[in-house]
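Raw contents of model.cif, mmCIF, C-alpha atoms (C1' of nucleotides):
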data_target
loop_
_atom_site.label_atom_id
_atom_site.label_comp_id
_atom_site.auth_asym_id
_atom_site.auth_seq_id
_atom_site.Cartn_x
_atom_site.Cartn_y
_atom_site.Cartn_z
CA MET A 1 -22.09 8.05 -21.87
CA HIS A 2 -22.54 4.31 -22.28
CA GLN A 3 -20.59 4.44 -25.51
CA ILE A 4 -17.52 5.59 -23.61
CA LEU A 5 -17.84 2.67 -21.24
CA ARG A 6 -18.23 0.28 -24.14
CA ASN A 7 -15.17 1.71 -25.87
CA THR A 8 -13.19 1.34 -22.67
CA LEU A 9 -14.12 -2.29 -22.16
CA SER A 10 -14.36 -3.58 -25.72
CA PRO A 11 -10.64 -4.30 -26.20
CA GLY A 12 -10.90 -6.86 -23.42
CA ILE A 13 -14.03 -8.71 -24.42
CA ASN A 14 -15.95 -9.79 -27.47
CA LEU A 15 -19.69 -9.30 -27.22
CA THR A 16 -22.56 -9.05 -29.65
CA ASP A 17 -24.55 -5.84 -29.84
CA GLU A 18 -27.31 -7.58 -27.90
CA GLN A 19 -24.89 -8.58 -25.17
CA TRP A 20 -23.51 -5.05 -25.00
CA ALA A 21 -26.99 -3.66 -24.69
CA PHE A 22 -27.67 -6.08 -21.88
CA VAL A 23 -24.47 -5.24 -20.03
CA LEU A 24 -24.75 -1.50 -20.47
CA SER A 25 -28.39 -1.44 -19.41
CA HIS A 26 -27.25 -2.22 -15.87
CA TYR A 27 -25.03 0.84 -15.65
CA LYS A 28 -27.14 3.77 -14.53
CA PRO A 29 -25.99 7.34 -15.20
CA LYS A 30 -25.37 9.65 -12.30
CA ILE A 31 -24.46 13.33 -12.34
CA THR A 32 -22.76 14.68 -9.26
CA LYS A 33 -21.93 18.10 -7.92
CA ARG A 34 -18.53 19.19 -6.69
CA ASN A 35 -17.74 17.57 -3.32
CA GLU A 36 -20.89 15.50 -3.34
CA ILE A 37 -20.70 12.49 -1.04
CA LEU A 38 -21.60 9.20 -2.74
CA LEU A 39 -20.96 6.94 0.21
CA GLU A 40 -20.68 7.76 3.89
CA LYS A 41 -18.41 5.67 6.04
CA GLY A 42 -20.29 3.10 8.07
CA LYS A 43 -22.59 2.20 5.19
CA VAL A 44 -22.14 -0.73 2.86
CA SER A 45 -20.90 0.27 -0.58
CA GLN A 46 -23.66 -0.78 -2.98
CA TYR A 47 -22.25 0.50 -6.25
CA LEU A 48 -19.23 0.26 -8.43
CA TYR A 49 -18.66 3.51 -10.31
CA PHE A 50 -17.21 4.17 -13.74
CA VAL A 51 -15.97 7.72 -14.19
CA VAL A 52 -17.00 9.15 -17.56
CA LYS A 53 -15.98 12.68 -16.61
CA GLY A 54 -14.68 14.17 -13.40
CA CYS A 55 -12.97 12.51 -10.49
CA LEU A 56 -13.83 10.39 -7.49
CA ARG A 57 -11.97 10.17 -4.23
CA ILE A 58 -12.07 7.27 -1.81
CA PHE A 59 -10.98 8.63 1.53
CA LEU A 60 -10.68 7.97 5.24
CA ILE A 61 -11.52 10.35 8.02
CA ASP A 62 -10.58 9.80 11.64
CA ASP A 63 -12.08 11.05 14.90
CA GLU A 64 -10.05 14.27 14.81
CA GLY A 65 -11.22 15.02 11.27
CA GLN A 66 -7.90 14.08 9.69
CA GLU A 67 -8.45 12.89 6.15
CA ALA A 68 -6.42 10.45 4.06
CA THR A 69 -7.02 9.61 0.43
CA ARG A 70 -7.03 5.90 -0.30
CA PHE A 71 -7.61 6.24 -4.05
CA LEU A 72 -8.31 8.76 -6.75
CA ILE A 73 -10.29 7.68 -9.78
CA PHE A 74 -10.16 9.62 -12.99
CA GLU A 75 -11.87 9.39 -16.37
CA GLY A 76 -12.09 5.92 -17.82
CA LYS A 77 -11.47 4.12 -14.52
CA PHE A 78 -13.64 2.15 -12.12
CA GLY A 79 -13.74 2.51 -8.39
CA THR A 80 -15.64 2.05 -5.19
CA ALA A 81 -14.96 1.40 -1.51
CA PHE A 82 -13.70 -2.00 -2.56
CA PRO A 83 -13.47 -3.96 0.71
CA SER A 84 -17.00 -2.94 1.63
CA PHE A 85 -18.37 -3.58 -1.86
CA ILE A 86 -16.91 -7.08 -2.02
CA LEU A 87 -17.26 -8.21 1.58
CA ARG A 88 -20.67 -6.57 2.10
CA GLU A 89 -19.46 -4.91 5.28
CA PRO A 90 -19.77 -1.30 6.49
CA SER A 91 -17.13 0.82 4.79
CA VAL A 92 -14.34 2.49 6.72
CA ALA A 93 -13.91 4.81 3.74
CA SER A 94 -16.18 7.41 2.20
CA ILE A 95 -16.61 8.26 -1.47
CA GLN A 96 -16.78 11.80 -2.78
CA SER A 97 -16.84 13.33 -6.23
CA ILE A 98 -14.22 16.04 -6.06
CA GLU A 99 -15.37 17.67 -9.27
CA PRO A 100 -18.78 17.82 -10.91
CA SER A 101 -18.80 14.40 -12.52
CA GLU A 102 -20.60 12.10 -14.88
CA LEU A 103 -20.68 8.55 -13.62
CA LEU A 104 -22.09 5.20 -14.54
CA MET A 105 -22.97 3.04 -11.57
CA ILE A 106 -23.73 -0.64 -11.29
CA SER A 107 -25.17 -2.33 -8.24
CA TYR A 108 -23.45 -5.18 -6.45
CA ASN A 109 -26.16 -7.63 -7.42
CA ASP A 110 -26.06 -6.68 -11.09
CA TYR A 111 -22.28 -6.80 -11.04
CA GLN A 112 -22.31 -10.34 -9.72
CA MET A 113 -25.12 -11.35 -12.02
CA LEU A 114 -23.16 -10.24 -15.08
CA MET A 115 -20.25 -12.43 -13.97
CA ASP A 116 -22.51 -15.46 -13.98
CA THR A 117 -24.31 -14.51 -17.16
CA VAL A 118 -22.06 -12.86 -19.69
CA PRO A 119 -19.30 -15.00 -21.20
CA GLY A 120 -15.95 -13.32 -20.70
CA TRP A 121 -17.27 -10.83 -18.17
CA GLU A 122 -15.56 -12.48 -15.23
CA ARG A 123 -12.30 -12.70 -17.15
CA LEU A 124 -12.51 -9.00 -17.94
CA ASN A 125 -13.07 -8.10 -14.30
CA HIS A 126 -10.39 -10.47 -13.15
CA ARG A 127 -7.93 -8.71 -15.47
CA GLY A 128 -8.95 -5.31 -14.21
CA LEU A 129 -8.51 -6.45 -10.65
CA GLN A 130 -5.05 -7.78 -11.41
CA GLN A 131 -4.05 -4.34 -12.64
CA ASP A 132 -5.59 -2.65 -9.61
CA TYR A 133 -3.69 -5.01 -7.33
CA ILE A 134 -0.46 -4.31 -9.17
CA ASP A 135 -1.05 -0.57 -8.75
CA ALA A 136 -1.62 -1.13 -5.04
CA ILE A 137 1.64 -3.08 -4.76
CA VAL A 138 3.54 -0.28 -6.47
CA ARG A 139 1.99 2.20 -4.05
CA ILE A 140 2.94 0.08 -1.05
CA GLU A 141 6.50 -0.10 -2.32
CA SER A 142 6.71 3.65 -2.71
CA LEU A 143 5.44 4.07 0.84
CA ILE A 144 7.90 1.64 2.43
CA THR A 145 10.98 2.59 0.44
CA MET A 146 10.78 6.30 -0.32
CA ASP A 147 10.66 9.54 1.62
CA ALA A 148 8.10 12.26 0.92
CA LYS A 149 10.22 14.05 -1.67
CA GLU A 150 10.84 10.92 -3.71
CA ARG A 151 7.18 9.98 -3.66
CA TYR A 152 6.24 13.45 -4.81
CA ASP A 153 8.78 13.44 -7.64
CA ILE A 154 7.57 10.09 -8.88
CA LEU A 155 3.95 11.15 -8.76
CA MET A 156 4.89 14.30 -10.64
CA LYS A 157 6.59 12.20 -13.29
CA ARG A 158 3.98 9.45 -13.64
CA ASN A 159 0.81 11.35 -13.01
CA PRO A 160 1.37 15.10 -13.34
CA LYS A 161 -2.27 15.72 -14.21
CA MET A 162 -3.18 14.55 -10.71
CA ILE A 163 -1.02 17.26 -9.17
CA GLN A 164 -2.16 19.97 -11.57
CA ARG A 165 -5.78 19.16 -11.28
CA LEU A 166 -6.36 18.47 -7.62
CA PRO A 167 -6.14 20.62 -4.51
CA GLY A 168 -2.76 20.16 -2.86
CA LYS A 169 -4.27 19.02 0.37
CA ILE A 170 -5.72 15.99 -1.39
CA VAL A 171 -2.46 15.21 -3.16
CA ALA A 172 -0.77 15.51 0.24
CA ASP A 173 -2.96 13.03 2.02
CA TYR A 174 -2.77 10.70 -0.96
CA LEU A 175 1.01 10.75 -0.52
CA GLY A 176 0.62 10.28 3.21
CA ILE A 177 2.15 13.64 4.15
CA SER A 178 0.86 16.91 5.56
CA GLN A 179 -0.23 19.79 3.40
CA GLU A 180 2.59 21.95 4.76
CA THR A 181 5.22 19.37 3.90
CA LEU A 182 3.89 19.15 0.36
CA SER A 183 4.01 22.91 0.06
CA ARG A 184 7.66 22.89 1.12
CA LEU A 185 8.54 20.09 -1.27
CA LYS A 186 7.12 22.09 -4.13
CA ALA A 187 9.13 25.12 -3.03
CA ARG A 188 12.55 23.48 -2.87
CA LYS A 189 13.81 22.86 -6.37
CA ASP A 190 17.10 21.34 -5.24
CA ARG A 191 18.12 17.71 -4.84
CA MET B 1 1.57 -32.12 0.51
CA HIS B 2 -1.01 -31.93 -2.23
CA GLN B 3 -3.69 -32.91 0.24
CA ILE B 4 -3.06 -29.72 2.20
CA LEU B 5 -3.48 -27.66 -0.93
CA ARG B 6 -6.70 -29.49 -1.77
CA ASN B 7 -8.05 -28.93 1.72
CA THR B 8 -7.19 -25.25 1.45
CA LEU B 9 -8.96 -24.77 -1.85
CA SER B 10 -11.89 -27.16 -1.56
CA PRO B 11 -14.23 -24.83 0.36
CA GLY B 12 -14.17 -22.53 -2.66
CA ILE B 13 -14.73 -24.98 -5.48
CA ASN B 14 -16.49 -28.21 -6.24
CA LEU B 15 -14.44 -30.66 -8.27
CA THR B 16 -14.54 -34.38 -8.92
CA ASP B 17 -11.63 -36.52 -7.78
CA GLU B 18 -10.49 -36.68 -11.39
CA GLN B 19 -10.54 -32.91 -11.67
CA TRP B 20 -8.63 -32.56 -8.41
CA ALA B 21 -6.02 -35.01 -9.64
CA PHE B 22 -5.69 -32.97 -12.83
CA VAL B 23 -5.34 -29.67 -10.99
CA LEU B 24 -2.93 -30.94 -8.34
CA SER B 25 -0.74 -32.67 -10.91
CA HIS B 26 0.38 -29.24 -12.09
CA TYR B 27 1.67 -28.22 -8.67
CA LYS B 28 5.23 -29.46 -8.29
CA PRO B 29 6.75 -29.89 -4.83
CA LYS B 30 9.81 -27.91 -3.91
CA ILE B 31 11.89 -28.08 -0.74
CA THR B 32 13.96 -25.02 0.09
CA LYS B 33 16.73 -24.21 2.51
CA ARG B 34 16.79 -21.27 4.85
CA ASN B 35 17.41 -18.02 2.93
CA GLU B 36 17.30 -19.75 -0.42
CA ILE B 37 16.56 -17.37 -3.29
CA LEU B 38 13.68 -18.50 -5.50
CA LEU B 39 13.67 -15.51 -7.82
CA GLU B 40 16.32 -12.90 -8.43
CA LYS B 41 15.25 -9.42 -9.33
CA GLY B 42 15.52 -8.74 -13.04
CA LYS B 43 14.13 -12.13 -13.99
CA VAL B 44 10.55 -12.87 -14.92
CA SER B 45 8.64 -14.66 -12.18
CA GLN B 46 7.64 -18.00 -13.70
CA TYR B 47 5.95 -19.62 -10.73
CA LEU B 48 3.19 -19.07 -8.27
CA TYR B 49 4.03 -20.68 -4.93
CA PHE B 50 1.80 -22.25 -2.32
CA VAL B 51 3.42 -22.46 1.11
CA VAL B 52 2.78 -25.83 2.77
CA LYS B 53 5.31 -25.19 5.51
CA GLY B 54 7.72 -22.37 6.16
CA CYS B 55 7.64 -18.82 4.92
CA LEU B 56 8.38 -16.83 1.78
CA ARG B 57 9.42 -13.23 1.54
CA ILE B 58 8.93 -10.99 -1.47
CA PHE B 59 11.41 -8.17 -1.08
CA LEU B 60 13.07 -5.22 -2.76
CA ILE B 61 16.72 -4.32 -2.61
CA ASP B 62 18.11 -1.00 -3.78
CA ASP B 63 21.54 0.04 -5.01
CA GLU B 64 22.81 0.69 -1.49
CA GLY B 65 21.69 -2.76 -0.36
CA GLN B 66 18.70 -1.43 1.58
CA GLU B 67 16.00 -4.07 1.74
CA ALA B 68 12.25 -3.66 2.01
CA THR B 69 9.75 -6.47 2.40
CA ARG B 70 6.81 -6.23 0.05
CA PHE B 71 5.02 -9.35 1.34
CA LEU B 72 5.41 -12.24 3.70
CA ILE B 73 3.67 -15.49 2.86
CA PHE B 74 3.00 -18.09 5.52
CA GLU B 75 1.52 -21.58 5.58
CA GLY B 76 -1.63 -22.03 3.53
CA LYS B 77 -1.11 -18.92 1.41
CA PHE B 78 -0.08 -18.27 -2.18
CA GLY B 79 2.44 -15.80 -3.37
CA THR B 80 4.85 -14.70 -6.03
CA ALA B 81 6.34 -11.52 -7.45
CA PHE B 82 2.88 -10.71 -8.70
CA PRO B 83 3.42 -7.84 -11.16
CA SER B 84 6.15 -9.79 -12.92
CA PHE B 85 4.18 -13.04 -12.89
CA ILE B 86 1.11 -11.44 -14.43
CA LEU B 87 2.68 -8.91 -16.77
CA ARG B 88 5.53 -11.20 -17.86
CA GLU B 89 8.05 -8.48 -17.14
CA PRO B 90 11.34 -8.60 -15.23
CA SER B 91 10.68 -8.43 -11.53
CA VAL B 92 11.79 -5.51 -9.38
CA ALA B 93 11.38 -7.81 -6.37
CA SER B 94 13.17 -10.98 -5.35
CA ILE B 95 11.72 -14.03 -3.63
CA GLN B 96 13.40 -15.79 -0.76
CA SER B 97 12.39 -18.60 1.57
CA ILE B 98 13.22 -17.26 4.99
CA GLU B 99 12.87 -20.64 6.66
CA PRO B 100 13.43 -24.14 5.32
CA SER B 101 10.14 -24.59 3.50
CA GLU B 102 7.92 -26.99 1.66
CA LEU B 103 6.30 -25.42 -1.36
CA LEU B 104 4.07 -26.35 -4.24
CA MET B 105 4.76 -24.40 -7.39
CA ILE B 106 2.75 -23.95 -10.55
CA SER B 107 4.05 -22.43 -13.75
CA TYR B 108 2.47 -19.41 -15.39
CA ASN B 109 1.35 -21.42 -18.38
CA ASP B 110 -0.26 -24.14 -16.29
CA TYR B 111 -1.90 -21.51 -14.11
CA GLN B 112 -3.48 -19.86 -17.12
CA MET B 113 -4.38 -23.19 -18.67
CA LEU B 114 -6.29 -24.25 -15.56
CA MET B 115 -8.33 -21.03 -15.77
CA ASP B 116 -9.46 -21.95 -19.26
CA THR B 117 -9.97 -25.62 -18.50
CA VAL B 118 -11.32 -26.22 -15.02
CA PRO B 119 -14.83 -24.97 -14.29
CA GLY B 120 -14.79 -22.69 -11.29
CA TRP B 121 -11.02 -22.31 -11.28
CA GLU B 122 -11.08 -18.74 -12.50
CA ARG B 123 -13.76 -17.83 -9.98
CA LEU B 124 -11.63 -19.29 -7.20
CA ASN B 125 -8.60 -17.31 -8.25
CA HIS B 126 -10.64 -14.18 -8.74
CA ARG B 127 -11.88 -14.50 -5.16
CA GLY B 128 -8.38 -15.04 -3.85
CA LEU B 129 -7.18 -11.98 -5.70
CA GLN B 130 -10.02 -9.90 -4.27
CA GLN B 131 -8.85 -10.79 -0.79
CA ASP B 132 -5.21 -10.05 -1.65
CA TYR B 133 -6.24 -6.67 -3.02
CA ILE B 134 -8.23 -5.92 0.10
CA ASP B 135 -5.20 -6.80 2.23
CA ALA B 136 -3.11 -4.45 0.10
CA ILE B 137 -5.63 -1.64 0.60
CA VAL B 138 -5.56 -2.14 4.35
CA ARG B 139 -1.79 -2.00 4.28
CA ILE B 140 -1.81 1.21 2.23
CA GLU B 141 -4.20 2.75 4.73
CA SER B 142 -1.98 1.83 7.65
CA LEU B 143 0.98 3.40 5.85
CA ILE B 144 -0.75 6.69 5.03
CA THR B 145 -2.62 7.18 8.30
CA MET B 146 -0.49 5.72 11.10
CA ASP B 147 2.92 6.32 12.60
CA ALA B 148 5.40 3.52 13.22
CA LYS B 149 4.17 2.76 16.73
CA GLU B 150 0.56 2.38 15.66
CA ARG B 151 1.51 0.15 12.76
CA TYR B 152 3.57 -2.01 15.07
CA ASP B 153 0.79 -2.31 17.64
CA ILE B 154 -1.70 -3.34 15.01
CA LEU B 155 0.62 -5.90 13.51
CA MET B 156 1.24 -7.25 17.02
CA LYS B 157 -2.48 -7.55 17.54
CA ARG B 158 -3.46 -8.99 14.17
CA ASN B 159 -0.44 -11.06 13.35
CA PRO B 160 1.66 -11.69 16.46
CA LYS B 161 3.13 -14.87 15.01
CA MET B 162 4.80 -12.78 12.35
CA ILE B 163 6.65 -10.79 14.99
CA GLN B 164 7.52 -13.79 17.12
CA ARG B 165 8.68 -15.90 14.26
CA LEU B 166 10.63 -13.54 12.04
CA PRO B 167 13.87 -11.63 12.54
CA GLY B 168 13.13 -8.10 13.64
CA LYS B 169 14.96 -6.59 10.70
CA ILE B 170 12.45 -8.20 8.37
CA VAL B 171 9.48 -7.08 10.44
CA ALA B 172 11.01 -3.59 10.40
CA ASP B 173 11.31 -3.31 6.66
CA TYR B 174 7.86 -4.81 6.24
CA LEU B 175 6.56 -1.96 8.41
CA GLY B 176 8.65 0.52 6.45
CA ILE B 177 10.85 1.55 9.40
CA SER B 178 14.45 1.02 10.41
CA GLN B 179 15.55 -1.86 12.57
CA GLU B 180 16.64 0.55 15.31
CA THR B 181 13.25 2.25 15.38
CA LEU B 182 11.54 -1.11 15.74
CA SER B 183 13.83 -2.02 18.58
CA ARG B 184 12.92 1.19 20.38
CA LEU B 185 9.21 0.66 19.81
CA LYS B 186 9.44 -2.74 21.42
CA ALA B 187 11.30 -1.24 24.37
CA ARG B 188 8.84 1.51 25.24
CA LYS B 189 5.82 0.01 26.88
CA ASP B 190 4.04 3.33 27.36
CA ARG B 191 1.36 5.03 25.26
"C1'" DA C 1 -17.33 41.68 -9.87
"C1'" DA C 2 -17.05 41.16 -4.96
"C1'" DC C 3 -17.51 38.74 -1.01
"C1'" DG C 4 -16.46 34.90 1.83
"C1'" DA C 5 -14.56 30.55 2.47
"C1'" DA C 6 -11.23 27.34 1.45
"C1'" DA C 7 -6.61 26.40 0.21
"C1'" DG C 8 -1.71 27.53 0.04
"C1'" DT C 9 2.49 29.42 2.05
"C1'" DT C 10 5.74 30.41 5.53
"C1'" DG C 11 8.00 30.58 10.13
"C1'" DA C 12 9.02 28.63 14.57
"C1'" DC C 13 9.11 24.86 17.10
"C1'" DA C 14 8.21 19.85 18.46
"C1'" DA C 15 8.10 15.15 17.58
"C1'" DA C 16 9.21 11.19 14.95
"C1'" DA C 17 12.30 8.50 12.67
"C1'" DG C 18 16.85 7.74 10.41
"C1'" DT C 19 21.91 7.18 10.68
"C1'" DC C 20 26.20 5.92 12.56
"C1'" DA C 21 28.65 3.50 15.85
"C1'" DA C 22 29.65 0.57 19.70
"C1'" DT C 23 28.35 -3.29 22.16
"C1'" DA C 24 25.59 -7.28 23.56
"C1'" DA C 25 22.95 -11.19 22.52
"C1'" DA C 26 21.44 -14.79 19.76
"C1'" DA C 27 21.43 -18.08 16.17
"C1'" DC C 28 23.59 -20.91 12.62
"C1'" DG C 29 26.44 -24.36 11.00
"C1'" DG C 30 30.01 -27.39 11.45
"C1'" DC D 1 29.21 -27.39 21.81
"C1'" DC D 2 31.91 -23.75 20.16
"C1'" DG D 3 33.29 -20.15 17.34
"C1'" DT D 4 31.71 -17.14 13.78
"C1'" DT D 5 28.35 -14.46 11.86
"C1'" DT D 6 24.13 -12.33 12.05
"C1'" DT D 7 20.85 -9.83 14.63
"C1'" DA D 8 19.33 -6.80 18.44
"C1'" DT D 9 19.93 -3.05 21.53
"C1'" DT D 10 21.34 1.40 23.01
"C1'" DG D 11 23.31 6.17 22.80
"C1'" DA D 12 24.30 10.48 20.47
"C1'" DC D 13 23.19 13.08 16.88
"C1'" DT D 14 20.91 14.57 12.36
"C1'" DT D 15 17.26 14.84 9.24
"C1'" DT D 16 12.70 14.61 8.08
"C1'" DT D 17 8.17 15.50 8.88
"C1'" DG D 18 4.35 17.16 11.70
"C1'" DT D 19 1.91 20.80 14.30
"C1'" DC D 20 0.32 25.30 15.30
"C1'" DA D 21 -0.38 29.78 13.91
"C1'" DA D 22 -0.45 33.86 11.08
"C1'" DC D 23 -0.95 35.58 6.78
"C1'" DT D 24 -1.81 35.55 1.67
"C1'" DT D 25 -3.80 33.86 -2.29
"C1'" DT D 26 -7.07 31.52 -4.90
"C1'" DC D 27 -11.39 30.08 -6.12
"C1'" DG D 28 -16.61 29.36 -5.76
"C1'" DT D 29 -20.72 31.29 -5.29
"C1'" DT D 30 -23.93 34.69 -5.62
#
Take the structure in the file and give it back as structure tokens.
Amino acid sequence: MHQILRNTLSPGINLTDEQWAFVLSHYKPKITKRNEILLEKGKVSQYLYFVVKGCLRIFLIDDEGQEATRFLIFEGKFGTAFPSFILREPSVASIQSIEPSELLMISYNDYQMLMDTVPGWERLNHRGLQQDYIDAIVRIESLITMDAKERYDILMKRNPKMIQRLPGKIVADYLGISQETLSRLKARKDR
Amino acid sequence: MHQILRNTLSPGINLTDEQWAFVLSHYKPKITKRNEILLEKGKVSQYLYFVVKGCLRIFLIDDEGQEATRFLIFEGKFGTAFPSFILREPSVASIQSIEPSELLMISYNDYQMLMDTVPGWERLNHRGLQQDYIDAIVRIESLITMDAKERYDILMKRNPKMIQRLPGKIVADYLGISQETLSRLKARKDR
DNA sequence: AACGAAAGTTGACAAAAGTCAATAAAACGG
DNA sequence: CCGTTTTATTGACTTTTGTCAACTTTCGTT
């Protein structure tokens, strides 16, 4: 498992085998079951997760039980309830592993420690964050400029595996639409 | 002008006067007129701007002339067409100074150079980016979970100056709604 | 393999928001 | 300060999307 993480990160940083061993030793393996909750809302997010296999979902749930998916994290990506993890505040979002998954998790303290200790580690994380921020900007743009059908078409084009692999209700609340609307979008082939 | 930038950054970094002089020397002042375009879409964003006075708008414009505001940047904040600035690709967004403004601008090369040169500079920028990303996440959440009225109410509560200060059409396309809808939201005082 | 639960589909209707158009108000620039 | 241009408001109507409910299908679990 750690080898996959190393392969994912190594293009962005040059470390000795000793440094790699040190870094990787702080990522603890975790196996999850389908729909297992990793973080309940209201608690402070203590871990950043790397998905080796499976899929995580960062989601919101309101008083009426309505859910909305903030992010979906697939193989080879990192994720957590970011505002909570960084600001050390109770999370408004929960984290769930949608599928049985293999994860590597690092604690907040270790994460920060590596930044201060490992040369290039902060740069690597900074770069990753830049990409995450860019992805968020693109998502904001799709939400303010497109209707449901356009957003669905673009998701289908850019990330078809997400649609194939996940329950429609999750795709729907990731797109910010109802499950019924998504079902109708899929039905109509026209325009 | 540079003093304001120094005061804004100094809580996050400890530099000698010489280091400050070095950093600040790379921020060039720029005075803009109302509605002046700082970046046209299709060009690569070369500068990161710090707003000393006034307001910048990062916006999208489609083939039919429909505009959508990606971000608004007020006094004391940084902004640019971020994906273009970082990825060195043509920007899909344009940048405009909505009001006559006083800016400090730093080039991409100088920005990167400071990261490699000034101790603590990367950490400072990393922190700033974390907050920007968190703001983006909050905005995504408001877009996928709330209707127009709720988004308006929250903006009114958290950032009333934005509504007071800016033309309604810009507030509207920042919220992802039409100008007419915004006008009607303002009218109805109920629920 | 079969049962039960969860997810998906569809229809009917309601609510939200967009569009077009006319008018009123406000703001900019000389 | 005045005229021109932009912006805001309002009405009528359309389109999109949501909600509720019934029914079907799929999928997990034993």
Report as an mmCIF file with C-alpha atoms (C1' of nucleotides), in the frame of the given file the residues that result from applying the PyMOL selection byres ((chain D) within 10 of (chain A)) to the structure here.
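Written out: expr27.cif:
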data_model
loop_
_atom_site.group_PDB
_atom_site.id
_atom_site.type_symbol
_atom_site.label_atom_id
_atom_site.label_comp_id
_atom_site.auth_asym_id
_atom_site.auth_seq_id
_atom_site.Cartn_x
_atom_site.Cartn_y
_atom_site.Cartn_z
ATOM 1 C "C1'" DT D 16 12.700 14.610 8.080
ATOM 2 C "C1'" DT D 17 8.170 15.500 8.880
ATOM 3 C "C1'" DG D 18 4.350 17.160 11.700
ATOM 4 C "C1'" DT D 19 1.910 20.800 14.300
#
Could you give me, as a Markdown table, every chain B residue with an atom at most 7 Å from chain A, plus its closest atom pair and distance in Å to one decimal, counting all atoms listed in the file, rows ordered by chain then number?
| residue | atom | partner | partner_atom | distance |
| --- | --- | --- | --- | --- |
| B:Ala68 | CA | A:Thr145 | CA | 6.6 |
| B:Arg70 | CA | A:Glu141 | CA | 6.6 |
| B:Pro83 | CA | A:Ile134 | CA | 5.6 |
| B:His126 | CA | A:His126 | CA | 5.8 |
| B:Tyr133 | CA | A:Tyr133 | CA | 5.3 |
| B:Ile134 | CA | A:Pro83 | CA | 5.6 |
| B:Ala136 | CA | A:Ala136 | CA | 6.3 |
| B:Ile137 | CA | A:Ala136 | CA | 6.9 |
| B:Ile140 | CA | A:Ile140 | CA | 5.9 |
| B:Glu141 | CA | A:Arg70 | CA | 6.6 |
| B:Leu143 | CA | A:Leu143 | CA | 6.7 |
| B:Ile144 | CA | A:Gly176 | CA | 4.3 |
| B:Thr145 | CA | A:Ala68 | CA | 6.6 |
| B:Gly176 | CA | A:Ile144 | CA | 4.2 |
Export of the given selection (C-alpha atoms) as a CSV table (one decimal), in the coordinates of the input:
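Just written: out-v1.csv:
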chain,number,residue,atom,x,y,z
B,68,ALA,CA,12.2,-3.7,2.0
B,70,ARG,CA,6.8,-6.2,0.0
B,83,PRO,CA,3.4,-7.8,-11.2
B,126,HIS,CA,-10.6,-14.2,-8.7
B,133,TYR,CA,-6.2,-6.7,-3.0
B,134,ILE,CA,-8.2,-5.9,0.1
B,136,ALA,CA,-3.1,-4.4,0.1
B,137,ILE,CA,-5.6,-1.6,0.6
B,140,ILE,CA,-1.8,1.2,2.2
B,141,GLU,CA,-4.2,2.8,4.7
B,143,LEU,CA,1.0,3.4,5.8
B,144,ILE,CA,-0.8,6.7,5.0
B,145,THR,CA,-2.6,7.2,8.3
B,176,GLY,CA,8.6,0.5,6.4
Please provide the set of residues having any atom within 12 Å of DT23 in chain C, restricted to all atoms listed in the file, with same-chain residues fewer than 5 positions apart removed, written as a list in words.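 Skipping anything fewer than 5 positions along the chain leaves DA8, DT9, DT10 and DG11 of chain D.
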What are the residues of chain A that have an atom within 9 Å of an atom of chain C, counting all atoms listed in the file, as JSON, numbers by chain? {"A": [167, 168, 169, 179, 180, 183, 184]}
Selection from above, C-alpha atoms, as a PDB file, in the coordinates of the input, can you write it?
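Saved file again17.pdb follows:
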ATOM      1  CA  PRO A 167      -6.140  20.620  -4.510  1.00  0.00           C
ATOM      2  CA  GLY A 168      -2.760  20.160  -2.860  1.00  0.00           C
ATOM      3  CA  LYS A 169      -4.270  19.020   0.370  1.00  0.00           C
ATOM      4  CA  GLN A 179      -0.230  19.790   3.400  1.00  0.00           C
ATOM      5  CA  GLU A 180       2.590  21.950   4.760  1.00  0.00           C
ATOM      6  CA  SER A 183       4.010  22.910   0.060  1.00  0.00           C
ATOM      7  CA  ARG A 184       7.660  22.890   1.120  1.00  0.00           C
TER       8      ARG A 184
END
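The coordinates place CA of Leu5 in chain B at 12.0 Å from CA of Ile106 in chain B.
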Would you compute the distance between CA of Leu185 in chain A and CA of Lys149 in chain A? Give it in Å to one decimal.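 Between CA of Leu185 in chain A and CA of Lys149 in chain A the gap works out to 6.3 Å.
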CA of Lys186 in chain A to CA of Asn35 in chain A, straight-line distance in Å: 25.3 Å
Extract, using all atoms listed in the file, all DNA, RNA and protein residues at most 12 Å from Leu39 in chain B, discarding same-chain residues fewer than 2 positions from it, and format them as JSON, numbers by chain. {"B": [35, 36, 37, 41, 42, 43, 44, 45, 46, 47, 48, 49, 56, 57, 58, 59, 60, 80, 81, 82, 84, 85, 90, 91, 92, 93, 94, 95, 96, 97]}
Tell me which of B:Leu72, B:Phe22, B:Thr117, B:Glu102 sits closest to Asn159 in chain B, counting all atoms listed in the file.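 When distances to Asn159 in chain B are compared using all atoms listed in the file, the smallest one comes from B:Leu72.
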